[in-house]
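Visitor: This is the content of structure30.csv (CSV, C-alpha atoms):
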```csv
chain,number,residue,atom,x,y,z
A,333,MET,CA,0.0,0.0,0.0
A,334,PHE,CA,1.5,3.3,-1.1
A,335,PRO,CA,-0.1,6.5,0.6
A,336,VAL,CA,-1.1,9.1,-2.0
A,337,TRP,CA,-0.5,11.9,0.4
A,338,ARG,CA,2.7,11.1,2.2
A,339,ASN,CA,3.3,14.0,4.6
A,340,LEU,CA,0.3,13.7,6.8
A,341,ASN,CA,-0.2,11.4,9.8
A,342,LEU,CA,-3.5,9.9,8.8
A,343,THR,CA,-5.9,7.9,10.9
A,344,ARG,CA,-6.1,4.2,10.0
A,345,ALA,CA,-9.5,4.7,8.3
A,346,ALA,CA,-8.2,7.7,6.3
A,347,ALA,CA,-5.0,5.8,5.3
A,348,VAL,CA,-7.1,3.0,4.0
A,349,CYS,CA,-9.3,5.4,2.0
A,350,PHE,CA,-6.5,7.3,0.4
A,351,SER,CA,-4.1,4.5,-0.4
A,352,LEU,CA,-3.7,2.6,-3.7
A,353,PRO,CA,-5.5,-0.7,-3.9
A,354,PRO,CA,-3.5,-3.8,-4.8
A,355,ARG,CA,-4.9,-3.8,-8.3
A,356,PRO,CA,-6.8,-1.2,-10.4
A,357,ALA,CA,-10.4,-0.9,-9.4
A,358,LEU,CA,-13.1,1.8,-9.5
A,359,ALA,CA,-14.6,1.7,-6.0
A,360,PRO,CA,-18.3,2.3,-5.7
A,361,CYS,CA,-19.4,5.7,-4.5
A,362,SER,CA,-19.9,5.7,-0.7
A,363,SER,CA,-20.1,8.6,1.7
A,364,ARG,CA,-19.1,6.2,4.5
A,365,THR,CA,-15.8,5.1,2.9
A,366,GLY,CA,-14.9,7.9,0.6
A,367,GLY,CA,-14.9,5.3,-2.2
A,368,CYS,CA,-15.9,7.8,-4.9
A,369,LEU,CA,-12.2,8.7,-5.1
A,370,ASN,CA,-10.1,6.4,-7.2
A,371,PRO,CA,-6.4,7.2,-6.7
A,372,ASP,CA,-5.3,4.4,-9.0
A,373,ARG,CA,-6.6,6.1,-12.1
A,374,ARG,CA,-3.7,7.3,-14.4
A,375,SER,CA,-3.0,10.5,-16.3
A,376,SER,CA,0.1,10.7,-18.5
A,377,GLY,CA,1.4,7.6,-16.7
A,378,ASN,CA,1.2,9.2,-13.2
A,379,ARG,CA,-1.0,8.6,-10.3
A,380,TYR,CA,-3.5,11.3,-9.4
A,381,ASN,CA,-3.0,13.2,-6.2
A,382,VAL,CA,-6.1,12.9,-4.0
A,383,PRO,CA,-6.5,15.3,-1.1
A,384,PRO,CA,-7.6,13.7,2.2
A,385,SER,CA,-11.3,13.9,2.9
A,386,ALA,CA,-12.5,16.0,5.8
A,387,GLU,CA,-14.8,13.0,6.6
A,388,PHE,CA,-11.7,11.3,8.0
A,389,VAL,CA,-9.0,14.0,8.4
A,390,ALA,CA,-9.6,17.2,10.3
A,391,ARG,CA,-9.4,20.3,8.2
A,392,VAL,CA,-7.3,22.0,10.8
A,393,SER,CA,-4.6,19.3,10.8
A,394,GLY,CA,-1.5,19.2,8.6
A,395,ILE,CA,0.6,21.8,6.9
A,396,PRO,CA,-1.6,24.2,4.8
A,397,THR,CA,-1.3,23.6,1.1
A,398,MET,CA,-3.8,24.6,-1.5
A,399,ALA,CA,-6.9,22.4,-1.1
A,400,LYS,CA,-4.7,20.1,1.1
A,401,LEU,CA,-3.0,18.8,-2.0
A,402,PRO,CA,0.5,17.3,-1.8
A,403,TYR,CA,3.4,19.7,-1.9
A,404,ARG,CA,5.9,19.1,-4.7
A,405,GLU,CA,9.1,21.0,-5.3
A,406,THR,CA,8.8,21.2,-9.1
A,407,ALA,CA,6.0,21.0,-11.7
A,408,ASP,CA,7.6,17.8,-13.2
A,409,GLY,CA,5.0,15.2,-13.9
A,410,LEU,CA,2.1,17.5,-13.1
A,411,ASP,CA,-0.8,18.5,-15.4
A,412,ALA,CA,-1.6,21.6,-13.3
A,413,ALA,CA,-0.1,23.2,-10.2
A,414,PHE,CA,-1.0,25.8,-7.7
A,415,ILE,CA,1.8,28.3,-7.1
A,416,GLY,CA,2.0,31.4,-4.9
A,417,VAL,CA,3.7,34.7,-5.8
A,418,PRO,CA,3.7,36.7,-2.5
A,419,ILE,CA,4.4,40.3,-3.4
A,420,ASP,CA,2.7,43.6,-2.8
A,421,THR,CA,5.7,45.8,-3.9
A,422,GLY,CA,3.7,47.0,-6.9
A,423,THR,CA,0.6,48.2,-5.0
A,424,SER,CA,-0.5,51.8,-5.1
A,425,ASN,CA,-2.8,51.9,-2.1
A,426,ARG,CA,-3.2,49.4,0.8
A,427,PRO,CA,-0.5,46.7,1.2
A,428,GLY,CA,-0.8,43.1,2.4
A,429,ALA,CA,-1.2,41.1,-0.8
A,430,ARG,CA,2.1,39.4,-0.1
A,431,PHE,CA,0.2,37.4,2.5
A,432,GLY,CA,-2.5,36.4,0.1
A,433,PRO,CA,-1.1,33.0,-1.0
A,434,ARG,CA,-0.6,31.9,2.6
A,435,GLN,CA,-4.2,32.9,3.7
A,436,ILE,CA,-5.8,31.4,0.5
A,437,ARG,CA,-4.1,28.1,1.3
A,438,VAL,CA,-5.5,28.2,4.9
A,439,GLU,CA,-9.0,28.9,3.8
A,440,SER,CA,-8.8,26.3,1.0
A,441,ALA,CA,-9.1,23.6,3.6
A,442,MET,CA,-12.9,23.9,3.1
A,443,LEU,CA,-12.6,22.7,-0.5
A,444,ARG,CA,-13.7,19.2,-1.3
A,445,ALA,CA,-12.8,16.8,-4.2
A,446,TYR,CA,-15.8,17.4,-6.6
A,447,ASN,CA,-17.6,20.4,-8.0
A,448,SER,CA,-21.2,19.6,-6.9
A,449,SER,CA,-22.7,22.1,-9.4
A,450,THR,CA,-20.8,21.3,-12.6
A,451,ARG,CA,-19.9,17.7,-11.6
A,452,ALA,CA,-16.3,18.3,-12.4
A,453,ALA,CA,-13.9,15.7,-11.0
A,454,PRO,CA,-10.5,17.5,-11.1
A,455,TYR,CA,-8.6,14.8,-9.1
A,456,GLU,CA,-9.8,12.1,-11.5
A,457,SER,CA,-8.8,14.2,-14.5
A,458,LEU,CA,-5.4,15.9,-13.8
A,459,VAL,CA,-2.3,15.3,-11.7
A,460,VAL,CA,-2.3,18.4,-9.5
A,461,ALA,CA,-0.1,19.6,-6.6
A,462,ASP,CA,0.9,22.7,-4.7
A,463,ILE,CA,4.5,23.6,-5.7
A,464,GLY,CA,5.0,26.4,-3.2
A,465,ASP,CA,5.9,30.0,-3.9
A,466,VAL,CA,8.2,31.9,-6.2
A,467,ASN,CA,11.2,33.2,-4.1
A,468,VAL,CA,10.5,36.9,-4.7
A,469,ASN,CA,12.7,39.9,-3.8
A,470,VAL,CA,10.5,42.1,-1.6
A,471,TYR,CA,13.0,45.0,-2.0
A,472,ASP,CA,13.2,45.1,-5.8
A,473,LEU,CA,10.2,44.8,-8.0
A,474,LYS,CA,12.1,44.5,-11.3
A,475,ASP,CA,14.2,41.7,-9.9
A,476,THR,CA,11.0,40.0,-8.6
A,477,CYS,CA,9.6,40.2,-12.2
A,478,LYS,CA,12.7,38.5,-13.5
A,479,ARG,CA,12.4,35.8,-10.9
A,480,ILE,CA,8.7,35.2,-11.7
A,481,ARG,CA,9.4,35.0,-15.4
A,482,GLU,CA,12.2,32.5,-14.9
A,483,ALA,CA,10.1,30.4,-12.5
A,484,TYR,CA,7.2,30.2,-15.0
A,485,ARG,CA,9.4,29.3,-17.9
A,486,LYS,CA,10.4,26.2,-16.0
A,487,ILE,CA,6.8,25.4,-15.0
A,488,LEU,CA,5.5,25.8,-18.6
A,489,ALA,CA,8.4,23.8,-20.0
A,490,THR,CA,7.0,20.7,-18.2
A,491,GLY,CA,3.6,21.1,-19.9
A,492,CYS,CA,2.0,22.1,-16.6
A,493,ILE,CA,-0.8,24.7,-16.4
A,494,PRO,CA,-0.1,27.2,-13.6
A,495,LEU,CA,-2.8,28.3,-11.3
A,496,THR,CA,-1.4,31.3,-9.5
A,497,MET,CA,-2.2,32.8,-6.1
A,498,GLY,CA,-1.2,36.5,-5.8
A,499,GLY,CA,0.3,38.8,-4.8
A,500,ASP,CA,-0.6,42.0,-6.5
A,501,HIS,CA,-1.5,42.3,-10.2
A,502,THR,CA,2.0,43.2,-11.3
A,503,ILE,CA,2.7,39.5,-11.4
A,504,ALA,CA,0.5,39.0,-14.5
A,505,TYR,CA,3.1,40.8,-16.7
A,506,PRO,CA,6.1,38.5,-16.1
A,507,ILE,CA,3.8,35.4,-16.1
A,508,LEU,CA,2.4,36.4,-19.5
A,509,GLN,CA,6.0,37.0,-20.7
A,510,ALA,CA,6.7,33.3,-20.0
A,511,VAL,CA,3.3,32.1,-21.3
A,512,ALA,CA,3.7,34.0,-24.6
A,513,GLU,CA,7.2,32.6,-25.0
A,514,LYS,CA,5.7,29.1,-25.0
A,515,HIS,CA,2.3,29.7,-26.7
A,516,GLY,CA,2.7,33.0,-28.7
A,517,PRO,CA,0.3,35.9,-28.2
A,518,VAL,CA,-2.6,34.7,-26.1
A,519,GLY,CA,-6.2,35.7,-25.5
A,520,LEU,CA,-7.0,37.2,-22.2
A,521,VAL,CA,-10.1,37.1,-19.9
A,522,HIS,CA,-9.4,39.9,-17.5
A,523,VAL,CA,-11.8,40.3,-14.5
A,524,ASP,CA,-11.1,43.4,-12.5
A,525,ALA,CA,-12.3,46.7,-11.2
A,526,HIS,CA,-9.4,48.4,-13.0
A,527,ALA,CA,-8.1,48.2,-16.6
A,528,ASP,CA,-4.5,48.1,-15.4
A,529,THR,CA,-3.3,49.7,-18.6
A,530,SER,CA,-1.6,52.8,-17.2
A,531,ASP,CA,1.6,53.8,-18.9
A,532,VAL,CA,3.6,55.4,-16.0
A,533,VAL,CA,2.6,55.7,-12.3
A,534,LEU,CA,4.7,57.9,-10.1
A,535,GLY,CA,7.5,57.7,-12.7
A,536,GLU,CA,7.5,53.9,-12.8
A,537,LYS,CA,6.4,51.6,-15.7
A,538,ILE,CA,6.2,48.5,-13.6
A,539,GLY,CA,3.4,48.2,-11.0
A,540,HIS,CA,0.0,46.7,-10.5
A,541,GLY,CA,-1.7,49.4,-12.6
A,542,THR,CA,0.5,48.8,-15.7
A,543,PRO,CA,0.8,45.1,-16.5
A,544,PHE,CA,-1.5,44.9,-19.5
A,545,ARG,CA,0.0,48.0,-21.2
A,546,ARG,CA,3.4,46.4,-21.0
A,547,CYS,CA,1.9,43.1,-22.3
A,548,VAL,CA,0.5,44.9,-25.4
A,549,GLU,CA,3.8,46.8,-26.0
A,550,GLU,CA,5.7,43.5,-26.1
A,551,GLY,CA,3.1,41.6,-28.3
A,552,LEU,CA,2.2,39.1,-25.6
A,553,LEU,CA,-1.6,39.5,-26.2
A,554,ASP,CA,-3.8,38.8,-29.2
A,555,CYS,CA,-5.6,42.0,-28.8
A,556,GLN,CA,-8.7,40.9,-30.7
A,557,ARG,CA,-9.1,38.2,-28.1
A,558,VAL,CA,-9.0,40.3,-25.0
A,559,VAL,CA,-12.0,41.0,-22.8
A,560,GLN,CA,-12.0,43.1,-19.6
A,561,ILE,CA,-15.0,42.5,-17.3
A,562,GLY,CA,-16.2,44.5,-14.3
A,563,LEU,CA,-14.3,47.8,-14.9
A,564,ARG,CA,-15.6,50.7,-12.8
A,565,GLY,CA,-14.7,53.5,-10.4
A,566,SER,CA,-13.6,57.1,-10.9
A,567,GLY,CA,-10.8,57.9,-13.4
A,568,TYR,CA,-8.1,60.3,-14.4
A,569,SER,CA,-10.0,61.2,-17.6
A,570,ALA,CA,-13.6,61.1,-18.9
A,571,ASP,CA,-13.0,57.8,-20.6
A,572,SER,CA,-10.6,55.7,-18.6
A,573,TYR,CA,-10.9,52.8,-21.0
A,574,GLU,CA,-10.3,54.5,-24.3
A,575,TRP,CA,-6.8,53.0,-24.7
A,576,SER,CA,-8.1,49.5,-24.1
A,577,ARG,CA,-10.8,49.9,-26.8
A,578,GLU,CA,-8.2,51.4,-29.2
A,579,GLN,CA,-6.2,48.2,-28.9
A,580,GLY,CA,-9.2,46.1,-29.9
A,581,PHE,CA,-10.1,44.9,-26.4
A,582,ARG,CA,-13.8,44.3,-25.5
A,583,VAL,CA,-14.5,46.4,-22.4
A,584,VAL,CA,-17.5,45.3,-20.3
A,585,GLN,CA,-18.0,48.0,-17.7
A,586,VAL,CA,-19.7,47.0,-14.5
A,587,GLU,CA,-22.9,48.8,-15.4
A,588,GLU,CA,-23.4,46.2,-18.2
A,589,CYS,CA,-23.3,43.5,-15.5
A,590,TRP,CA,-25.7,44.8,-12.9
A,591,PHE,CA,-28.8,42.8,-12.1
A,592,LYS,CA,-28.2,40.0,-14.6
A,593,SER,CA,-26.6,36.7,-15.2
A,594,LEU,CA,-23.3,36.8,-17.0
A,595,ALA,CA,-23.8,33.4,-18.7
A,596,PRO,CA,-25.0,35.1,-22.0
A,597,LEU,CA,-21.9,37.4,-21.9
A,598,MET,CA,-19.6,34.4,-21.5
A,599,SER,CA,-21.2,32.7,-24.5
A,600,GLU,CA,-20.1,35.7,-26.5
A,601,VAL,CA,-16.6,35.6,-24.9
A,602,ARG,CA,-16.1,31.9,-25.8
A,603,ALA,CA,-16.9,32.8,-29.4
A,604,GLN,CA,-14.4,35.7,-29.3
A,605,MET,CA,-11.7,33.5,-27.8
A,606,GLY,CA,-12.1,30.7,-30.3
A,607,SER,CA,-9.7,27.7,-30.0
A,608,GLY,CA,-6.5,29.6,-29.4
A,609,PRO,CA,-4.6,29.8,-26.1
A,610,VAL,CA,-6.3,31.9,-23.4
A,611,TYR,CA,-5.0,33.2,-20.0
A,612,LEU,CA,-7.5,34.0,-17.2
A,613,SER,CA,-6.6,36.8,-14.8
A,614,PHE,CA,-9.0,37.5,-11.9
A,615,ASP,CA,-8.4,40.4,-9.6
A,616,ILE,CA,-10.5,39.9,-6.4
A,617,ASP,CA,-11.4,43.6,-6.4
A,618,ALA,CA,-13.6,42.8,-9.4
A,619,LEU,CA,-16.1,41.7,-6.7
A,620,ASP,CA,-17.9,44.3,-4.7
A,621,PRO,CA,-16.0,45.1,-1.4
A,622,GLY,CA,-19.1,44.1,0.5
A,623,PHE,CA,-18.3,40.6,-0.5
A,624,ALA,CA,-14.5,40.9,-0.8
A,625,PRO,CA,-13.2,43.7,1.5
A,626,GLY,CA,-9.7,42.3,1.8
A,627,THR,CA,-8.1,44.0,-1.1
A,628,GLY,CA,-5.8,46.9,-1.7
A,629,THR,CA,-7.9,49.1,-4.1
A,630,PRO,CA,-11.6,48.5,-3.4
A,631,GLU,CA,-14.3,50.1,-5.7
A,632,ILE,CA,-18.0,50.1,-4.8
A,633,ALA,CA,-20.8,48.6,-6.9
A,634,GLY,CA,-18.9,45.6,-8.2
A,635,LEU,CA,-19.6,42.1,-9.3
A,636,THR,CA,-21.2,39.5,-7.0
A,637,PRO,CA,-19.5,36.2,-6.2
A,638,ILE,CA,-22.2,34.5,-8.2
A,639,GLN,CA,-21.2,36.5,-11.3
A,640,GLY,CA,-17.5,35.7,-10.6
A,641,VAL,CA,-18.4,32.0,-10.6
A,642,GLU,CA,-20.4,32.5,-13.8
A,643,ILE,CA,-17.5,34.1,-15.5
A,644,ILE,CA,-15.1,31.3,-14.6
A,645,ARG,CA,-17.5,28.5,-15.4
A,646,GLY,CA,-18.2,30.3,-18.7
A,647,CYS,CA,-14.5,29.6,-19.6
A,648,ARG,CA,-15.2,25.9,-19.8
A,649,GLY,CA,-14.2,24.7,-23.3
A,650,LEU,CA,-11.5,27.4,-23.7
A,651,ASN,CA,-7.9,26.4,-24.3
A,652,LEU,CA,-6.8,27.8,-20.9
A,653,VAL,CA,-3.0,27.8,-20.5
A,654,GLY,CA,-2.8,29.6,-17.2
A,655,CYS,CA,-4.9,31.4,-14.6
A,656,ASP,CA,-4.4,33.7,-11.6
A,657,LEU,CA,-6.3,35.1,-8.7
A,658,VAL,CA,-4.7,38.2,-7.3
A,659,GLU,CA,-4.9,41.1,-4.8
A,660,VAL,CA,-6.2,39.3,-1.7
A,661,SER,CA,-4.9,41.3,1.2
A,662,PRO,CA,-5.5,39.4,4.5
A,663,PRO,CA,-4.8,42.4,6.8
A,664,TYR,CA,-8.0,44.0,5.5
A,665,ASP,CA,-9.9,40.6,5.6
A,666,PRO,CA,-10.8,40.2,9.3
A,667,THR,CA,-13.4,37.3,8.6
A,668,GLY,CA,-11.3,35.5,6.1
A,669,ASN,CA,-14.1,35.7,3.6
A,670,THR,CA,-12.0,37.3,0.8
A,671,ALA,CA,-9.4,34.6,1.0
A,672,LEU,CA,-12.1,31.9,1.2
A,673,THR,CA,-13.8,33.4,-1.9
A,674,GLY,CA,-10.4,33.4,-3.7
A,675,ALA,CA,-9.8,29.8,-2.8
A,676,ASN,CA,-13.1,28.8,-4.2
A,677,LEU,CA,-12.6,30.8,-7.4
A,678,LEU,CA,-9.2,29.1,-7.9
A,679,PHE,CA,-11.0,25.7,-7.5
A,680,GLU,CA,-13.5,26.8,-10.1
A,681,MET,CA,-10.6,27.6,-12.4
A,682,LEU,CA,-9.1,24.2,-11.9
A,683,CYS,CA,-12.5,22.7,-12.8
A,684,VAL,CA,-12.6,24.3,-16.2
A,685,LEU,CA,-9.1,23.4,-17.4
A,686,PRO,CA,-8.8,21.3,-20.6
A,687,LYS,CA,-9.2,17.5,-20.3
A,688,MET,CA,-11.5,17.9,-17.3
A,689,LYS,CA,-13.8,14.9,-16.6
A,690,TYR,CA,-17.4,15.7,-15.7
A,691,TYR,CA,-19.9,13.2,-14.2
```
Take the structure in the file and give it back as structure tokens.

Guide:
Amino acid sequence: MFPVWRNLNLTRAAAVCFSLPPRPALAPCSSRTGGCLNPDRRSSGNRYNVPPSAEFVARVSGIPTMAKLPYRETADGLDAAFIGVPIDTGTSNRPGARFGPRQIRVESAMLRAYNSSTRAAPYESLVVADIGDVNVNVYDLKDTCKRIREAYRKILATGCIPLTMGGDHTIAYPILQAVAEKHGPVGLVHVDAHADTSDVVLGEKIGHGTPFRRCVEEGLLDCQRVVQIGLRGSGYSADSYEWSREQGFRVVQVEECWFKSLAPLMSEVRAQMGSGPVYLSFDIDALDPGFAPGTGTPEIAGLTPIQGVEIIRGCRGLNLVGCDLVEVSPPYDPTGNTALTGANLLFEMLCVLPKMKYY
């Protein structure tokens, strides 16, 4: 018997439930035994990683990893990986996003193995693990961007799809540099209160308000396949989104989202994105601060968590090559709800990746 999750002292019942059987067999579904999970199923010649069930292992036990998945030092052999980028050096208002990955991991202990709404079975579809954090330089943002770019080159070279926990939105720029090196210019589904297309802020070209301007300048984006959803707030000019539209981006201001389901919008987005590679970047401040107060630059009258889930589920069928969830700031999140929401949105992202199995 070979434990799937090696670094946790399991109870005898849990160890039986999450160990490989002597020969391949799909156990019948049972809420008593946890038999719905079949750790022996293969993907690319590897065993799946199956997180321990809270039916048998207390959520508060163990070292926090994303969704209580195994920790791995590299992306080798993985189909998808959660990775943290703990910086807030690029923020323009409230700090604290450097603690986002850690708190998201803590709150992710609530996650279970299946998506009960979409019936996605991520741990029967992909080999997934938590590969820790990029070793950032909290004193030098440009050096941090270099470190992020180099780390993601290595991840992408393995064929693994990165699911990133930020960190402030600056990180999207070096990540997309690495993604475009592998895939060429990509489509972008950008969910945010802000366009993040400023040219220079306080004399600096690198920061959380500038990543997508830099990406366009370097040819990292297929501008006819870019959509920005949820934009709002006061601006520095009468039309804060003129530059985005001039590049060919589809801009969906928040007023177009009020009081409605976003499923029809996402049907149009899927048609816009086509079959080419797509990156999904979700700033938690896209949600109204009543739902997600723990962020650095909150704007009122935002999206609801329901609409956030609709957007991500609406990405099912796209050729997603990477995703991120950024700008969770735990010091401004006293209840933990912002990090909990972020953890759930990341799980939803995992559940719409290519090759996902649905029951």

Visitor: Within 8 Å of Ile561 (chain A), counting all atoms listed in the file, which residues qualify if same-chain residues fewer than 6 places away don't, as an MDAnalysis selection string?

Guide: chainID A and resid 521:525 583:586

Visitor: Find the residue from A:Tyr403, A:Tyr664, A:Phe414, A:Trp590 that sits nearest to Met497 (chain A); use all atoms listed in the file when measuring.

Guide: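 Checking each candidate against Met497 (chain A), we get A:Phe414 as the closest.
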
Visitor: What's the 12 Å shell around Asn425 (chain A), counting only C-alpha atoms, without same-chain residues fewer than 4 positions away, as a list in words?

Guide: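 So the residues in contact are Asp420, Thr421, Ala429, Asp500, Gly539, His540, Gly541, Thr627, Gly628, Thr629, Pro630, Glu659 and Ser661 of chain A.
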
Visitor: Which value, in Å to one decimal, gives the distance between CA of Glu574 (chain A) and CA of Ala527 (chain A)?

Guide: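 The value is 10.2 Å.
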
Visitor: Quick one: residues within 9 Å of region 623-625 of chain A, all atoms listed in the file counted, chain neighbours fewer than 4 positions away excluded, as an MDAnalysis selection string?

Guide: chainID A and resid 616:619 630 636:637 660:661 664:666 669:671 673

Visitor: Report as a PyMOL selection string all protein, DNA and RNA residues lying within 12 Å of Glu482 (chain A), evaluated on all atoms listed in the file, omitting residues in the same chain fewer than 2 positions from it.

Guide: chain A and resi 466-468+475-480+484-489+506-511+513

Visitor: Keeping only C-alpha atoms, write those residues as a PDB file, in the frame of the given file.

Guide:
```pdb
ATOM      1  CA  VAL A 466       8.200  31.900  -6.200  1.00  0.00           C
ATOM      2  CA  ASN A 467      11.200  33.200  -4.100  1.00  0.00           C
ATOM      3  CA  VAL A 468      10.500  36.900  -4.700  1.00  0.00           C
ATOM      4  CA  ASP A 475      14.200  41.700  -9.900  1.00  0.00           C
ATOM      5  CA  THR A 476      11.000  40.000  -8.600  1.00  0.00           C
ATOM      6  CA  CYS A 477       9.600  40.200 -12.200  1.00  0.00           C
ATOM      7  CA  LYS A 478      12.700  38.500 -13.500  1.00  0.00           C
ATOM      8  CA  ARG A 479      12.400  35.800 -10.900  1.00  0.00           C
ATOM      9  CA  ILE A 480       8.700  35.200 -11.700  1.00  0.00           C
ATOM     10  CA  TYR A 484       7.200  30.200 -15.000  1.00  0.00           C
ATOM     11  CA  ARG A 485       9.400  29.300 -17.900  1.00  0.00           C
ATOM     12  CA  LYS A 486      10.400  26.200 -16.000  1.00  0.00           C
ATOM     13  CA  ILE A 487       6.800  25.400 -15.000  1.00  0.00           C
ATOM     14  CA  LEU A 488       5.500  25.800 -18.600  1.00  0.00           C
ATOM     15  CA  ALA A 489       8.400  23.800 -20.000  1.00  0.00           C
ATOM     16  CA  PRO A 506       6.100  38.500 -16.100  1.00  0.00           C
ATOM     17  CA  ILE A 507       3.800  35.400 -16.100  1.00  0.00           C
ATOM     18  CA  LEU A 508       2.400  36.400 -19.500  1.00  0.00           C
ATOM     19  CA  GLN A 509       6.000  37.000 -20.700  1.00  0.00           C
ATOM     20  CA  ALA A 510       6.700  33.300 -20.000  1.00  0.00           C
ATOM     21  CA  VAL A 511       3.300  32.100 -21.300  1.00  0.00           C
ATOM     22  CA  GLU A 513       7.200  32.600 -25.000  1.00  0.00           C
TER      23      GLU A 513
END
```

Visitor: One decimal, Å: what's the distance from CA of Leu597 (chain A) over to CA of Leu443 (chain A), could you say?

Guide: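 Rounded to one decimal, the two atoms are 27.6 Å apart.
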
Visitor: Just to confirm, what's the straight-line distance from CA of Leu458 (chain A) to CA of Cys547 (chain A) in Å (one decimal)?

Guide: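 We find that CA of Leu458 (chain A) and CA of Cys547 (chain A) lie 29.4 Å from each other.
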
Visitor: Which residues are near Leu553 (chain A)? Cut-off 9 Å, only C-alpha atoms, ignore same chain within fewer than 5 positions. Put them as number ranges by chain.

Guide: A: 508, 512, 516-520, 544, 547-548, 558

Visitor: Looking at all atoms listed in the file, which of A:Pro383, A:Gly428, A:Pro402, A:Gly626 is the one that sits closest to Tyr446 (chain A)?

Guide: A:Pro383
